[in-house]
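Here is the file protein31.cif (mmCIF, C-alpha atoms).
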```cif
data_upload
loop_
_atom_site.label_atom_id
_atom_site.label_comp_id
_atom_site.auth_asym_id
_atom_site.auth_seq_id
_atom_site.Cartn_x
_atom_site.Cartn_y
_atom_site.Cartn_z
CA MET A 66 -2.48 -70.43 121.04
CA TYR A 67 -6.10 -71.49 120.83
CA GLN A 68 -7.34 -72.06 117.27
CA PHE A 69 -10.94 -71.08 116.77
CA ASN A 70 -13.07 -73.41 114.73
CA TRP A 71 -16.75 -72.58 114.69
CA ARG A 72 -17.90 -75.29 112.30
CA PRO A 73 -18.61 -78.04 114.86
CA VAL A 74 -20.76 -75.63 116.85
CA PHE A 75 -22.83 -74.45 113.92
CA ASP A 76 -23.12 -77.94 112.45
CA ASN A 77 -24.77 -78.95 115.72
CA PHE A 78 -26.72 -75.75 116.12
CA ASP A 79 -30.05 -77.60 115.96
CA LEU A 80 -29.02 -79.37 119.18
CA LEU A 81 -28.64 -76.02 120.88
CA LEU A 82 -31.79 -74.53 119.40
CA LYS A 83 -33.91 -77.53 120.40
CA GLY A 84 -32.35 -77.36 123.85
CA LEU A 85 -33.20 -73.68 124.13
CA LEU A 86 -36.84 -74.30 123.20
CA LEU A 87 -37.05 -77.21 125.62
CA GLY A 88 -35.64 -74.97 128.36
CA ILE A 89 -38.27 -72.31 127.71
CA GLY A 90 -40.97 -75.00 127.65
CA ILE A 91 -39.79 -76.42 130.97
CA ALA A 92 -39.72 -72.94 132.51
CA VAL A 93 -43.30 -72.24 131.33
CA LEU A 94 -44.56 -75.57 132.70
CA ALA A 95 -42.75 -75.12 136.01
CA LEU A 96 -44.12 -71.59 136.31
CA ALA A 97 -47.65 -72.83 135.64
CA ILE A 98 -47.51 -75.71 138.14
CA GLY A 99 -45.56 -73.61 140.62
CA SER A 100 -48.11 -70.79 140.35
CA LEU A 101 -50.92 -73.21 141.14
CA LEU A 102 -48.96 -74.52 144.13
CA GLY A 103 -48.07 -71.00 145.20
CA LEU A 104 -51.62 -69.74 144.85
CA ILE A 105 -53.03 -72.53 147.02
CA ALA A 106 -50.25 -72.12 149.58
CA ALA A 107 -50.60 -68.33 149.64
CA PHE A 108 -54.33 -68.49 150.35
CA GLY A 109 -53.65 -71.21 152.90
CA ARG A 110 -51.19 -68.96 154.64
CA ALA A 111 -53.37 -65.88 154.40
CA SER A 112 -56.62 -67.37 155.65
CA GLY A 113 -56.13 -71.04 156.56
CA PRO A 114 -56.24 -72.54 160.05
CA ARG A 115 -53.07 -72.60 162.12
CA PRO A 116 -51.76 -76.08 161.14
CA ILE A 117 -52.06 -75.16 157.45
CA ARG A 118 -50.32 -71.85 158.01
CA LEU A 119 -47.45 -73.66 159.74
CA LEU A 120 -47.27 -76.25 156.97
CA VAL A 121 -47.03 -73.52 154.33
CA ALA A 122 -44.41 -71.64 156.33
CA GLY A 123 -42.40 -74.85 156.62
CA TYR A 124 -42.64 -75.47 152.88
CA VAL A 125 -41.60 -71.93 151.96
CA GLU A 126 -38.75 -71.63 154.44
CA GLY A 127 -37.56 -75.17 153.82
CA VAL A 128 -37.42 -74.97 150.06
CA ARG A 129 -35.95 -71.48 149.93
CA ASN A 130 -33.02 -72.54 152.09
CA ILE A 131 -31.92 -75.69 150.28
CA PRO A 132 -30.27 -75.96 146.86
CA LEU A 133 -32.41 -76.67 143.81
CA LEU A 134 -29.98 -79.44 142.88
CA LEU A 135 -30.87 -81.30 146.07
CA ILE A 136 -34.57 -81.16 145.22
CA ILE A 137 -33.82 -82.42 141.71
CA TYR A 138 -31.78 -85.35 143.07
CA PHE A 139 -34.45 -86.10 145.62
CA VAL A 140 -37.16 -86.30 142.96
CA TYR A 141 -35.07 -88.08 140.33
CA PHE A 142 -32.91 -90.47 142.40
CA GLY A 143 -34.72 -90.51 145.73
CA LEU A 144 -38.34 -91.18 144.80
CA PRO A 145 -37.61 -94.33 142.70
CA LEU A 146 -35.60 -95.78 145.59
CA ILE A 147 -38.66 -95.59 147.82
CA GLY A 148 -40.86 -97.16 145.18
CA ILE A 149 -42.19 -94.13 143.32
CA SER A 150 -40.88 -94.41 139.77
CA VAL A 151 -43.40 -92.86 137.45
CA LEU A 152 -41.38 -89.82 136.40
CA ASP A 153 -38.68 -89.85 133.72
CA ASN A 154 -35.82 -87.36 133.91
CA LEU A 155 -37.68 -84.56 132.10
CA TRP A 156 -40.78 -84.75 134.29
CA SER A 157 -38.70 -85.23 137.42
CA PHE A 158 -37.03 -81.94 136.62
CA VAL A 159 -40.27 -80.12 135.80
CA PHE A 160 -41.73 -81.39 139.06
CA ALA A 161 -38.64 -80.41 141.08
CA LEU A 162 -38.51 -76.94 139.53
CA ALA A 163 -42.23 -76.49 140.17
CA ILE A 164 -41.81 -77.37 143.87
CA TYR A 165 -38.86 -74.98 144.06
CA SER A 166 -40.57 -72.09 142.31
CA GLY A 167 -43.79 -72.73 144.23
CA ALA A 168 -42.08 -71.62 147.44
CA TYR A 169 -40.96 -68.31 145.93
CA LEU A 170 -44.32 -67.79 144.24
CA THR A 171 -46.12 -68.38 147.54
CA GLU A 172 -44.30 -65.40 149.02
CA ILE A 173 -44.97 -63.29 145.92
CA PHE A 174 -48.68 -64.12 145.93
CA ARG A 175 -48.95 -63.61 149.68
CA VAL A 176 -47.64 -60.08 149.32
CA GLY A 177 -49.93 -59.58 146.31
CA ILE A 178 -53.01 -60.75 148.21
CA GLU A 179 -52.19 -58.41 151.08
CA ALA A 180 -51.77 -55.55 148.64
CA VAL A 181 -55.29 -55.88 147.21
CA GLY A 182 -57.19 -52.97 148.71
CA LYS A 183 -59.81 -53.66 151.37
CA GLY A 184 -62.21 -51.44 149.46
CA HIS A 185 -62.27 -53.84 146.52
CA ILE A 186 -63.14 -56.81 148.73
CA GLU A 187 -65.83 -54.80 150.51
CA ALA A 188 -67.23 -53.69 147.18
CA GLY A 189 -67.39 -57.37 146.20
CA LYS A 190 -69.28 -58.12 149.40
CA ALA A 191 -71.63 -55.22 148.78
CA ILE A 192 -72.69 -56.51 145.36
CA GLY A 193 -73.44 -59.88 146.92
CA LEU A 194 -70.47 -62.05 145.92
CA ASN A 195 -69.84 -64.94 148.26
CA ARG A 196 -66.39 -65.73 149.68
CA TRP A 197 -65.32 -67.97 146.80
CA GLN A 198 -66.59 -65.51 144.19
CA ARG A 199 -64.71 -62.67 145.86
CA ILE A 200 -61.50 -64.68 145.64
CA ARG A 201 -62.19 -65.74 142.08
CA PHE A 202 -63.38 -62.42 140.61
CA VAL A 203 -61.83 -59.75 142.84
CA THR A 204 -58.72 -60.88 144.71
CA ILE A 205 -57.07 -63.10 142.10
CA PRO A 206 -57.38 -60.82 139.04
CA LEU A 207 -56.20 -57.78 141.01
CA MET A 208 -53.41 -59.74 142.68
CA PHE A 209 -52.07 -60.97 139.35
CA ARG A 210 -51.84 -57.43 138.06
CA ILE A 211 -49.99 -56.36 141.20
CA VAL A 212 -47.46 -59.22 141.15
CA LEU A 213 -46.89 -59.25 137.38
CA PRO A 214 -43.37 -57.74 137.56
CA SER A 215 -42.26 -60.22 140.26
CA LEU A 216 -43.82 -63.04 138.28
CA GLY A 217 -41.78 -61.98 135.26
CA ASN A 218 -38.54 -61.97 137.25
CA THR A 219 -39.35 -65.42 138.60
CA PHE A 220 -39.87 -66.67 135.06
CA ILE A 221 -36.44 -65.41 133.98
CA SER A 222 -34.83 -67.07 137.02
CA LEU A 223 -36.63 -70.29 136.23
CA PHE A 224 -35.41 -70.21 132.67
CA LYS A 225 -31.84 -69.84 133.91
CA ASP A 226 -32.41 -72.63 136.43
CA THR A 227 -33.38 -75.01 133.62
CA SER A 228 -29.62 -75.29 133.01
CA LEU A 229 -29.54 -77.60 136.06
CA ALA A 230 -31.59 -80.14 134.11
CA SER A 231 -28.35 -81.06 132.37
CA ALA A 232 -27.31 -82.71 135.67
CA ILE A 233 -29.87 -85.45 135.04
CA ALA A 234 -29.33 -85.53 131.26
CA VAL A 235 -32.40 -83.61 130.14
CA PRO A 236 -31.42 -82.45 126.64
CA GLU A 237 -31.79 -78.70 127.20
CA LEU A 238 -29.32 -76.00 126.14
CA THR A 239 -26.55 -76.66 128.68
CA TYR A 240 -26.73 -80.37 128.00
CA GLY A 241 -26.40 -79.60 124.30
CA ALA A 242 -23.24 -77.65 125.11
CA ILE A 243 -21.86 -80.56 127.12
CA ARG A 244 -22.54 -82.97 124.26
CA ILE A 245 -20.98 -80.80 121.58
CA ASN A 246 -18.05 -80.24 123.90
CA VAL A 247 -17.56 -83.96 124.49
CA ASN A 248 -17.82 -84.79 120.79
CA THR A 249 -15.72 -82.00 119.31
CA TRP A 250 -13.81 -80.37 122.19
CA ARG A 251 -14.62 -76.85 120.88
CA VAL A 252 -14.92 -75.55 124.45
CA ILE A 253 -14.58 -71.83 123.99
CA GLU A 254 -16.79 -71.63 120.90
CA VAL A 255 -19.56 -73.72 122.46
CA TYR A 256 -19.72 -71.81 125.72
CA LEU A 257 -19.51 -68.43 124.01
CA VAL A 258 -22.46 -69.33 121.78
CA VAL A 259 -24.45 -70.91 124.62
CA GLY A 260 -23.77 -67.96 126.93
CA LEU A 261 -24.96 -65.58 124.23
CA LEU A 262 -28.07 -67.67 123.60
CA TYR A 263 -28.98 -67.58 127.29
CA LEU A 264 -28.26 -63.86 127.47
CA ALA A 265 -30.28 -63.04 124.37
CA THR A 266 -33.21 -65.18 125.51
CA CYS A 267 -33.24 -63.58 128.98
CA TYR A 268 -33.31 -60.11 127.45
CA ALA A 269 -35.95 -61.10 124.90
CA ILE A 270 -38.13 -62.44 127.73
CA ALA A 271 -37.47 -59.31 129.79
CA GLY A 272 -38.47 -57.12 126.83
CA GLY A 273 -41.65 -59.10 126.27
CA LEU A 274 -42.52 -58.84 129.94
CA ARG A 275 -42.05 -55.08 129.89
CA LEU A 276 -44.63 -54.84 127.11
CA LEU A 277 -46.96 -57.05 129.11
CA GLU A 278 -46.42 -54.91 132.20
CA ARG A 279 -47.16 -51.72 130.35
CA ARG A 280 -50.47 -53.25 129.34
CA PHE A 281 -51.52 -54.98 132.57
CA ALA A 282 -49.35 -54.10 135.53
CA MET A 283 -50.80 -52.11 138.36
CA VAL A 284 -48.15 -50.48 140.46
CA ARG A 285 -49.57 -49.44 143.77
CA MET B 183 -29.41 -94.24 160.84
CA ASP B 184 -26.23 -96.31 160.92
CA VAL B 185 -25.41 -95.04 157.46
CA VAL B 186 -25.30 -91.47 158.66
CA ILE B 187 -23.00 -92.37 161.53
CA THR B 188 -20.59 -94.53 159.53
CA SER B 189 -20.42 -92.00 156.71
CA GLY B 190 -20.29 -89.11 159.14
CA PRO B 191 -16.66 -88.20 158.41
CA LEU B 192 -17.37 -88.09 154.65
CA ILE B 193 -20.39 -85.87 155.13
CA LEU B 194 -18.44 -83.63 157.47
CA ARG B 195 -15.60 -83.27 154.97
CA GLY B 196 -18.13 -82.39 152.28
CA LEU B 197 -19.74 -79.87 154.57
CA LEU B 198 -16.38 -78.21 155.17
CA VAL B 199 -15.74 -77.97 151.43
CA THR B 200 -19.19 -76.42 150.94
CA LEU B 201 -18.44 -73.85 153.66
CA GLU B 202 -14.99 -73.21 152.21
CA VAL B 203 -16.35 -72.64 148.71
CA SER B 204 -19.18 -70.43 150.01
CA VAL B 205 -16.88 -68.23 152.08
CA ALA B 206 -14.37 -67.89 149.23
CA VAL B 207 -17.12 -67.02 146.74
CA LEU B 208 -18.64 -64.46 149.11
CA LEU B 209 -15.27 -62.82 149.74
CA LEU B 210 -14.42 -62.67 146.05
CA GLY B 211 -17.94 -61.59 145.14
CA THR B 212 -18.02 -58.86 147.76
CA LEU B 213 -14.65 -57.46 146.70
CA ILE B 214 -15.71 -57.41 143.05
CA GLY B 215 -19.10 -56.06 144.08
CA ILE B 216 -17.69 -53.11 146.03
CA ALA B 217 -15.48 -52.18 143.09
CA GLY B 218 -18.30 -52.77 140.61
CA GLY B 219 -20.86 -50.85 142.63
CA LEU B 220 -18.59 -47.85 143.07
CA LEU B 221 -17.70 -47.88 139.37
CA LEU B 222 -21.39 -47.95 138.48
CA LEU B 223 -21.95 -44.90 140.66
CA TYR B 224 -18.81 -42.80 140.41
CA GLY B 225 -16.76 -44.25 137.53
CA ALA B 226 -15.76 -42.29 134.45
CA TRP B 227 -18.11 -43.25 131.65
CA PRO B 228 -15.96 -45.90 129.92
CA LEU B 229 -15.45 -47.66 133.24
CA ARG B 230 -19.10 -47.25 134.10
CA LEU B 231 -20.02 -48.81 130.79
CA ILE B 232 -17.69 -51.77 131.36
CA ALA B 233 -19.15 -52.33 134.83
CA ARG B 234 -22.69 -52.11 133.45
CA VAL B 235 -21.99 -54.62 130.68
CA TYR B 236 -20.33 -56.96 133.20
CA VAL B 237 -23.25 -56.83 135.63
CA ASP B 238 -25.96 -57.22 133.00
CA THR B 239 -24.12 -60.04 131.23
CA MET B 240 -23.59 -62.06 134.39
CA ARG B 241 -27.22 -61.72 135.35
CA GLY B 242 -28.37 -63.22 132.05
CA ILE B 243 -26.20 -66.35 132.11
CA PRO B 244 -26.83 -69.37 134.36
CA GLN B 245 -24.22 -69.99 137.04
CA LEU B 246 -23.77 -73.56 135.87
CA VAL B 247 -22.81 -72.39 132.38
CA LEU B 248 -20.20 -70.06 133.90
CA ILE B 249 -18.77 -72.91 135.95
CA PHE B 250 -18.55 -75.21 132.93
CA ALA B 251 -17.10 -72.43 130.76
CA ILE B 252 -14.27 -71.74 133.22
CA PHE B 253 -13.68 -75.36 134.21
CA TYR B 254 -13.41 -76.60 130.61
CA GLY B 255 -12.42 -73.33 128.96
CA PHE B 256 -9.34 -72.38 130.96
CA PRO B 257 -7.44 -75.62 130.25
CA ALA B 258 -8.33 -75.26 126.57
CA LEU B 259 -6.62 -71.87 126.65
CA GLY B 260 -3.61 -73.49 128.28
CA LEU B 261 -4.33 -72.33 131.83
CA GLN B 262 -4.37 -75.15 134.37
CA ILE B 263 -7.14 -74.76 136.90
CA SER B 264 -8.47 -77.12 139.55
CA ALA B 265 -12.18 -77.86 139.74
CA ILE B 266 -12.64 -76.10 143.06
CA VAL B 267 -10.84 -72.95 141.90
CA ALA B 268 -12.88 -72.94 138.69
CA GLY B 269 -16.06 -73.20 140.75
CA ILE B 270 -15.04 -70.44 143.14
CA LEU B 271 -13.98 -68.16 140.29
CA ALA B 272 -17.20 -68.69 138.31
CA LEU B 273 -19.52 -68.28 141.28
CA GLY B 274 -17.45 -65.37 142.60
CA VAL B 275 -17.72 -63.48 139.32
CA PHE B 276 -21.46 -64.17 139.28
CA CYS B 277 -21.88 -63.15 142.92
CA GLY B 278 -19.83 -60.01 142.22
CA ALA B 279 -22.37 -58.85 139.65
CA HIS B 280 -25.20 -59.23 142.13
CA VAL B 281 -23.30 -57.52 144.94
CA SER B 282 -22.42 -54.68 142.53
CA GLU B 283 -26.12 -53.95 142.12
CA VAL B 284 -26.69 -54.28 145.87
CA ILE B 285 -23.91 -51.76 146.60
CA ARG B 286 -25.08 -49.43 143.84
CA GLY B 287 -28.61 -49.52 145.23
CA GLY B 288 -27.53 -49.02 148.84
CA VAL B 289 -24.92 -46.34 148.29
CA GLY B 290 -27.00 -44.64 145.61
CA SER B 291 -29.94 -44.27 147.97
CA ILE B 292 -27.97 -41.99 150.31
CA PRO B 293 -29.04 -38.39 149.57
CA ARG B 294 -26.57 -36.36 147.51
CA GLY B 295 -26.40 -33.75 150.23
CA GLN B 296 -24.39 -36.13 152.40
CA MET B 297 -21.64 -36.34 149.79
CA ASP B 298 -21.69 -32.57 149.28
CA ALA B 299 -21.54 -31.90 153.01
CA ALA B 300 -18.63 -34.30 153.41
CA GLN B 301 -16.84 -32.56 150.58
CA GLY B 302 -17.67 -29.25 152.25
CA ILE B 303 -15.80 -30.17 155.41
CA GLY B 304 -12.76 -31.11 153.33
CA LEU B 305 -12.84 -34.91 153.26
CA GLU B 306 -11.22 -36.66 150.34
CA PHE B 307 -13.21 -39.09 148.19
CA ALA B 308 -12.05 -42.22 150.04
CA GLN B 309 -12.70 -40.55 153.39
CA ARG B 310 -16.14 -39.43 152.30
CA LEU B 311 -17.02 -43.02 151.44
CA ARG B 312 -15.39 -44.46 154.53
CA TYR B 313 -16.75 -42.10 157.18
CA VAL B 314 -19.95 -40.68 155.70
CA ILE B 315 -21.50 -42.82 152.98
CA PHE B 316 -20.74 -46.44 153.94
CA PRO B 317 -21.88 -46.25 157.56
CA GLN B 318 -25.25 -44.98 156.40
CA ALA B 319 -25.51 -47.29 153.41
CA LEU B 320 -24.66 -50.39 155.45
CA ALA B 321 -28.15 -50.73 156.86
CA ARG B 322 -29.58 -50.72 153.35
CA ILE B 323 -26.96 -53.05 151.92
CA LEU B 324 -27.05 -55.72 154.63
CA PRO B 325 -30.48 -57.30 154.01
CA ALA B 326 -29.80 -57.79 150.29
CA TRP B 327 -26.24 -58.94 150.99
CA VAL B 328 -27.46 -61.56 153.45
CA ASN B 329 -29.90 -62.78 150.81
CA THR B 330 -27.01 -63.06 148.38
CA ALA B 331 -25.05 -65.05 150.95
CA VAL B 332 -27.89 -67.57 151.24
CA GLU B 333 -28.03 -67.83 147.44
CA VAL B 334 -24.26 -68.39 147.35
CA VAL B 335 -24.45 -71.32 149.78
CA LYS B 336 -27.19 -72.84 147.63
CA ALA B 337 -25.26 -72.21 144.42
CA SER B 338 -22.11 -73.75 145.90
CA SER B 339 -23.82 -77.12 145.40
CA LEU B 340 -23.25 -76.65 141.65
CA VAL B 341 -19.50 -77.28 142.04
CA SER B 342 -20.42 -80.92 142.61
CA LEU B 343 -21.16 -81.06 138.87
CA VAL B 344 -17.50 -80.46 138.08
CA SER B 345 -16.52 -83.25 140.48
CA VAL B 346 -15.69 -81.22 143.58
CA VAL B 347 -16.59 -83.36 146.60
CA ASP B 348 -18.70 -80.85 148.49
CA LEU B 349 -21.64 -81.73 150.72
CA MET B 350 -23.85 -82.46 147.70
CA MET B 351 -21.29 -84.72 146.03
CA ALA B 352 -20.47 -86.52 149.30
CA ILE B 353 -24.16 -87.25 149.81
CA GLN B 354 -24.54 -88.43 146.20
CA GLN B 355 -21.59 -90.79 146.61
CA ILE B 356 -22.99 -92.28 149.80
CA VAL B 357 -26.45 -92.62 148.25
CA GLY B 358 -24.88 -94.42 145.30
CA ARG B 359 -23.23 -96.89 147.66
CA THR B 360 -25.94 -97.44 150.25
CA ARG B 361 -29.18 -96.59 148.39
CA GLU B 362 -30.43 -94.84 151.56
CA ALA B 363 -31.66 -91.91 149.52
CA LEU B 364 -34.44 -90.52 151.65
CA LEU B 365 -32.46 -90.38 154.87
CA LEU B 366 -29.30 -88.96 153.31
CA TYR B 367 -31.10 -86.30 151.28
CA ALA B 368 -32.92 -85.32 154.45
CA VAL B 369 -29.57 -84.97 156.22
CA ALA B 370 -28.24 -82.83 153.38
CA ALA B 371 -31.37 -80.68 153.38
CA LEU B 372 -31.08 -80.23 157.13
CA LEU B 373 -27.42 -79.22 156.90
CA TYR B 374 -28.02 -76.70 154.11
CA PHE B 375 -31.01 -75.37 155.97
CA ALA B 376 -28.97 -75.02 159.16
CA ILE B 377 -26.24 -73.05 157.39
CA ASN B 378 -28.66 -70.72 155.67
CA TYR B 379 -30.86 -70.28 158.69
CA THR B 380 -27.81 -69.31 160.72
CA ILE B 381 -26.78 -66.79 158.06
CA SER B 382 -30.27 -65.28 158.05
CA ALA B 383 -30.35 -65.14 161.85
CA ILE B 384 -26.97 -63.41 162.01
CA GLY B 385 -28.19 -61.08 159.28
CA VAL B 386 -31.21 -60.05 161.30
CA ARG B 387 -29.03 -59.28 164.33
CA LEU B 388 -26.58 -57.27 162.27
CA GLU B 389 -29.42 -55.34 160.68
CA LYS B 390 -30.75 -54.37 164.07
CA ARG B 391 -27.30 -53.30 165.17
CA TYR B 392 -26.51 -51.16 162.16
CA ALA B 393 -29.99 -49.82 161.53
CA TYR B 394 -30.13 -46.08 161.79
CA THR B 395 -33.18 -43.92 161.69
#
```

Could you render the structure from this file as structure tokens?
Amino acid sequence: MYQFNWRPVFDNFDLLLKGLLLGIGIAVLALAIGSLLGLIAAFGRASGPRPIRLLVAGYVEGVRNIPLLLIIYFVYFGLPLIGISVLDNLWSFVFALAIYSGAYLTEIFRVGIEAVGKGHIEAGKAIGLNRWQRIRFVTIPLMFRIVLPSLGNTFISLFKDTSLASAIAVPELTYGAIRINVNTWRVIEVYLVVGLLYLATCYAIAGGLRLLERRFAMVR
Amino acid sequence: MDVVITSGPLILRGLLVTLEVSVAVLLLGTLIGIAGGLLLLYGAWPLRLIARVYVDTMRGIPQLVLIFAIFYGFPALGLQISAIVAGILALGVFCGAHVSEVIRGGVGSIPRGQMDAAQGIGLEFAQRLRYVIFPQALARILPAWVNTAVEVVKASSLVSLVSVVDLMMAIQQIVGRTREALLLYAVAALLYFAINYTISAIGVRLEKRYAYT
């Protein structure tokens, strides 16, 4: 019969807590970089010339059909082997996750841009905004309010995906679990606590997003 | 290019394991999902509650954590389990939660009148589902299910982290030996892409076939 012993887990709780915070930090960074990527790609796809549209389509379809782990390995193991070794494991992961999320965010933003009413753009034209100003002051603010719920879901997915960082020894929550497990062999206790931490964080984020949505979201 | 040819058999074996794991996970996940979805819709309240807790719990925990928990946890409880079975079980349980929601959404979107009418002509519950509800719900379930299938193939790469030699692990091993990272990762990307693109293409055909208006 399995004997529960929670001490080793709670003695090392700071490892888990730090890992959790790091995971959230990574998810925020990846979302920020990915959003920038996605925004550029979405506008490229919506109104760029044909080669750019094809390039964006290739990026989106390519990335969405291959595993995140492969992108991580490519950035972390692959790039140094071809002479690009400026990223440590943490930044390799942030970069990989940003590329990955960028593809999903491109699709989200594309739909959002299409959902901005023609009337708003025409109104922008009528008050004399140029093309760039219309994008900056009309399309983007409205689009963000439209895609806010999808953006929130993407953030939760990204947070869960940060668990893959343990594969390249980034000390986030899952890696903390692996280390405690290796040192103390309290398997069941560790994974119960870590599972609960992930679950609680996901629901906390979801709750926060719902508040944000109530304030800003525009469901059309 | 020589590397790819000489290590072809290894890559192929990995590819087969990836396909094997994916198919097993999808089968398990779909079975759980049908049961879960029906419980969410028609179960007595304690069962409905259990199904709800299961679905919402699985959706808040990373797949990798589930794989580790089963792979390391089962032996600790005295149950011997191989890495590949642990992976299939963990991903299958995760996939089942997603499919449960897909089924609930698809079946739940069929108007109540259909169920009532089927009851009116004297069909039993199983018959009502089999002959009236499922054929209509299929068109609404398929797109989301195909999406799930693509996600499963991608997630199957995680079993490499518990030392199953799937496509990802095979590629990693060959990269470690030959240092031909760029080429081999490109091959892996192409293979994963080919699998998922095929799934999506089949999905589109099936959707057209089962679409009803």

Expected selection from the PyMOL selection byres ((chain A and resi 204) around 10), given as a PyMOL selection string: chain A and resi 177-183+185-186+189+197-203+205-209

Would you give the centre and edge lengths, in Å to one decimal, of a box along x, y and z around the listed atoms of range 143-160 of chain A, with 5 Å added to each side, as lines of an AutoDock Vina configuration file?
```
center_x = -39.1
center_y = -88.6
center_z = 140.0
size_x = 18.7
size_y = 27.0
size_z = 25.7
```

Trp250 in chain A surroundings by all atoms listed in the file, 10 Å radius, close-in-sequence under 4 positions cut, as a ChimeraX atom specification: /A:73-74,243-246,254-255 /B:254-255,258

Straight-line distance linking CA of Arg280 in chain A with CA of Leu162 in chain A, stated in Å to one decimal: 28.4 Å

Determine the residue membership of the PyMOL selection byres ((chain A and resi 222) around 10) for the file above and supply it as a tab-separated table (two decimals) with C-alpha atoms, in the coordinates of the input.
```
chain	number	residue	atom	x	y	z
A	92	ALA	CA	-39.72	-72.94	132.51
A	166	SER	CA	-40.57	-72.09	142.31
A	216	LEU	CA	-43.82	-63.04	138.28
A	217	GLY	CA	-41.78	-61.98	135.26
A	218	ASN	CA	-38.54	-61.97	137.25
A	219	THR	CA	-39.35	-65.42	138.60
A	220	PHE	CA	-39.87	-66.67	135.06
A	221	ILE	CA	-36.44	-65.41	133.98
A	223	LEU	CA	-36.63	-70.29	136.23
A	224	PHE	CA	-35.41	-70.21	132.67
A	225	LYS	CA	-31.84	-69.84	133.91
A	226	ASP	CA	-32.41	-72.63	136.43
A	227	THR	CA	-33.38	-75.01	133.62
A	267	CYS	CA	-33.24	-63.58	128.98
B	241	ARG	CA	-27.22	-61.72	135.35
B	242	GLY	CA	-28.37	-63.22	132.05
B	243	ILE	CA	-26.20	-66.35	132.11
B	244	PRO	CA	-26.83	-69.37	134.36
```

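Here is the contact set of chain B against chain A, at 7 Å and counting all atoms listed in the file: B:Thr239, B:Gly242, B:Ile243, B:Pro244, B:Leu246, B:Val247, B:Ala251, B:Tyr254, B:Gly255, B:Ala258, B:Leu259, B:Lys336, B:Ala337, B:Ser339, B:Ala363, B:Leu364, B:Tyr367, B:Ala371, B:Tyr374, B:Phe375, B:Asn378.
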
May I have the selected residues written with C-alpha atoms, as a PDB file, keeping the file's coordinate frame?
```pdb
ATOM      1  CA  THR B 239     -24.120 -60.040 131.230  1.00  0.00           C
ATOM      2  CA  GLY B 242     -28.370 -63.220 132.050  1.00  0.00           C
ATOM      3  CA  ILE B 243     -26.200 -66.350 132.110  1.00  0.00           C
ATOM      4  CA  PRO B 244     -26.830 -69.370 134.360  1.00  0.00           C
ATOM      5  CA  LEU B 246     -23.770 -73.560 135.870  1.00  0.00           C
ATOM      6  CA  VAL B 247     -22.810 -72.390 132.380  1.00  0.00           C
ATOM      7  CA  ALA B 251     -17.100 -72.430 130.760  1.00  0.00           C
ATOM      8  CA  TYR B 254     -13.410 -76.600 130.610  1.00  0.00           C
ATOM      9  CA  GLY B 255     -12.420 -73.330 128.960  1.00  0.00           C
ATOM     10  CA  ALA B 258      -8.330 -75.260 126.570  1.00  0.00           C
ATOM     11  CA  LEU B 259      -6.620 -71.870 126.650  1.00  0.00           C
ATOM     12  CA  LYS B 336     -27.190 -72.840 147.630  1.00  0.00           C
ATOM     13  CA  ALA B 337     -25.260 -72.210 144.420  1.00  0.00           C
ATOM     14  CA  SER B 339     -23.820 -77.120 145.400  1.00  0.00           C
ATOM     15  CA  ALA B 363     -31.660 -91.910 149.520  1.00  0.00           C
ATOM     16  CA  LEU B 364     -34.440 -90.520 151.650  1.00  0.00           C
ATOM     17  CA  TYR B 367     -31.100 -86.300 151.280  1.00  0.00           C
ATOM     18  CA  ALA B 371     -31.370 -80.680 153.380  1.00  0.00           C
ATOM     19  CA  TYR B 374     -28.020 -76.700 154.110  1.00  0.00           C
ATOM     20  CA  PHE B 375     -31.010 -75.370 155.970  1.00  0.00           C
ATOM     21  CA  ASN B 378     -28.660 -70.720 155.670  1.00  0.00           C
TER      22      ASN B 378
END
```

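Rounded to one decimal, CA of Val121 in chain A and CA of Phe174 in chain A lie 12.7 Å from each other.
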
Residues within 12 Å of (-19.1, -53.9, 134.1), file coords, all atoms listed in the file, listed as a PyMOL selection string: chain B and resi 214-215+217-223+225+227-241+275-276+278-280+282-283

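Computed from the coordinates, the CA of Ala268 in chain B to CA of Leu201 in chain B distance equals 16.0 Å.
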
Sel. within 12 Å of pt (-24.8, -58.6, 162.0), counting all atoms listed in the file, output as a PyMOL selection string: chain B and resi 320-321+323-325+327-328+380-393

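Evaluated on this file, the PyMOL selection byres ((chain B and resi 343) around 10) matches Leu134, Leu229, Ser231 and Ala232 of chain A; Leu246, Ile249, Phe250, Ala265, Gly269, Ser339, Leu340, Val341, Ser342, Val344, Ser345, Val346, Val347, Asp348, Met350 and Met351 of chain B.
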
Take the residues that were just selected and, keeping C-alpha atoms, output them as a CSV table (one decimal), in the coordinates of the input.
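The new file result14.csv reads:
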```
chain,number,residue,atom,x,y,z
A,134,LEU,CA,-30.0,-79.4,142.9
A,229,LEU,CA,-29.5,-77.6,136.1
A,231,SER,CA,-28.4,-81.1,132.4
A,232,ALA,CA,-27.3,-82.7,135.7
B,246,LEU,CA,-23.8,-73.6,135.9
B,249,ILE,CA,-18.8,-72.9,136.0
B,250,PHE,CA,-18.6,-75.2,132.9
B,265,ALA,CA,-12.2,-77.9,139.7
B,269,GLY,CA,-16.1,-73.2,140.8
B,339,SER,CA,-23.8,-77.1,145.4
B,340,LEU,CA,-23.2,-76.6,141.6
B,341,VAL,CA,-19.5,-77.3,142.0
B,342,SER,CA,-20.4,-80.9,142.6
B,344,VAL,CA,-17.5,-80.5,138.1
B,345,SER,CA,-16.5,-83.2,140.5
B,346,VAL,CA,-15.7,-81.2,143.6
B,347,VAL,CA,-16.6,-83.4,146.6
B,348,ASP,CA,-18.7,-80.8,148.5
B,350,MET,CA,-23.8,-82.5,147.7
B,351,MET,CA,-21.3,-84.7,146.0
```
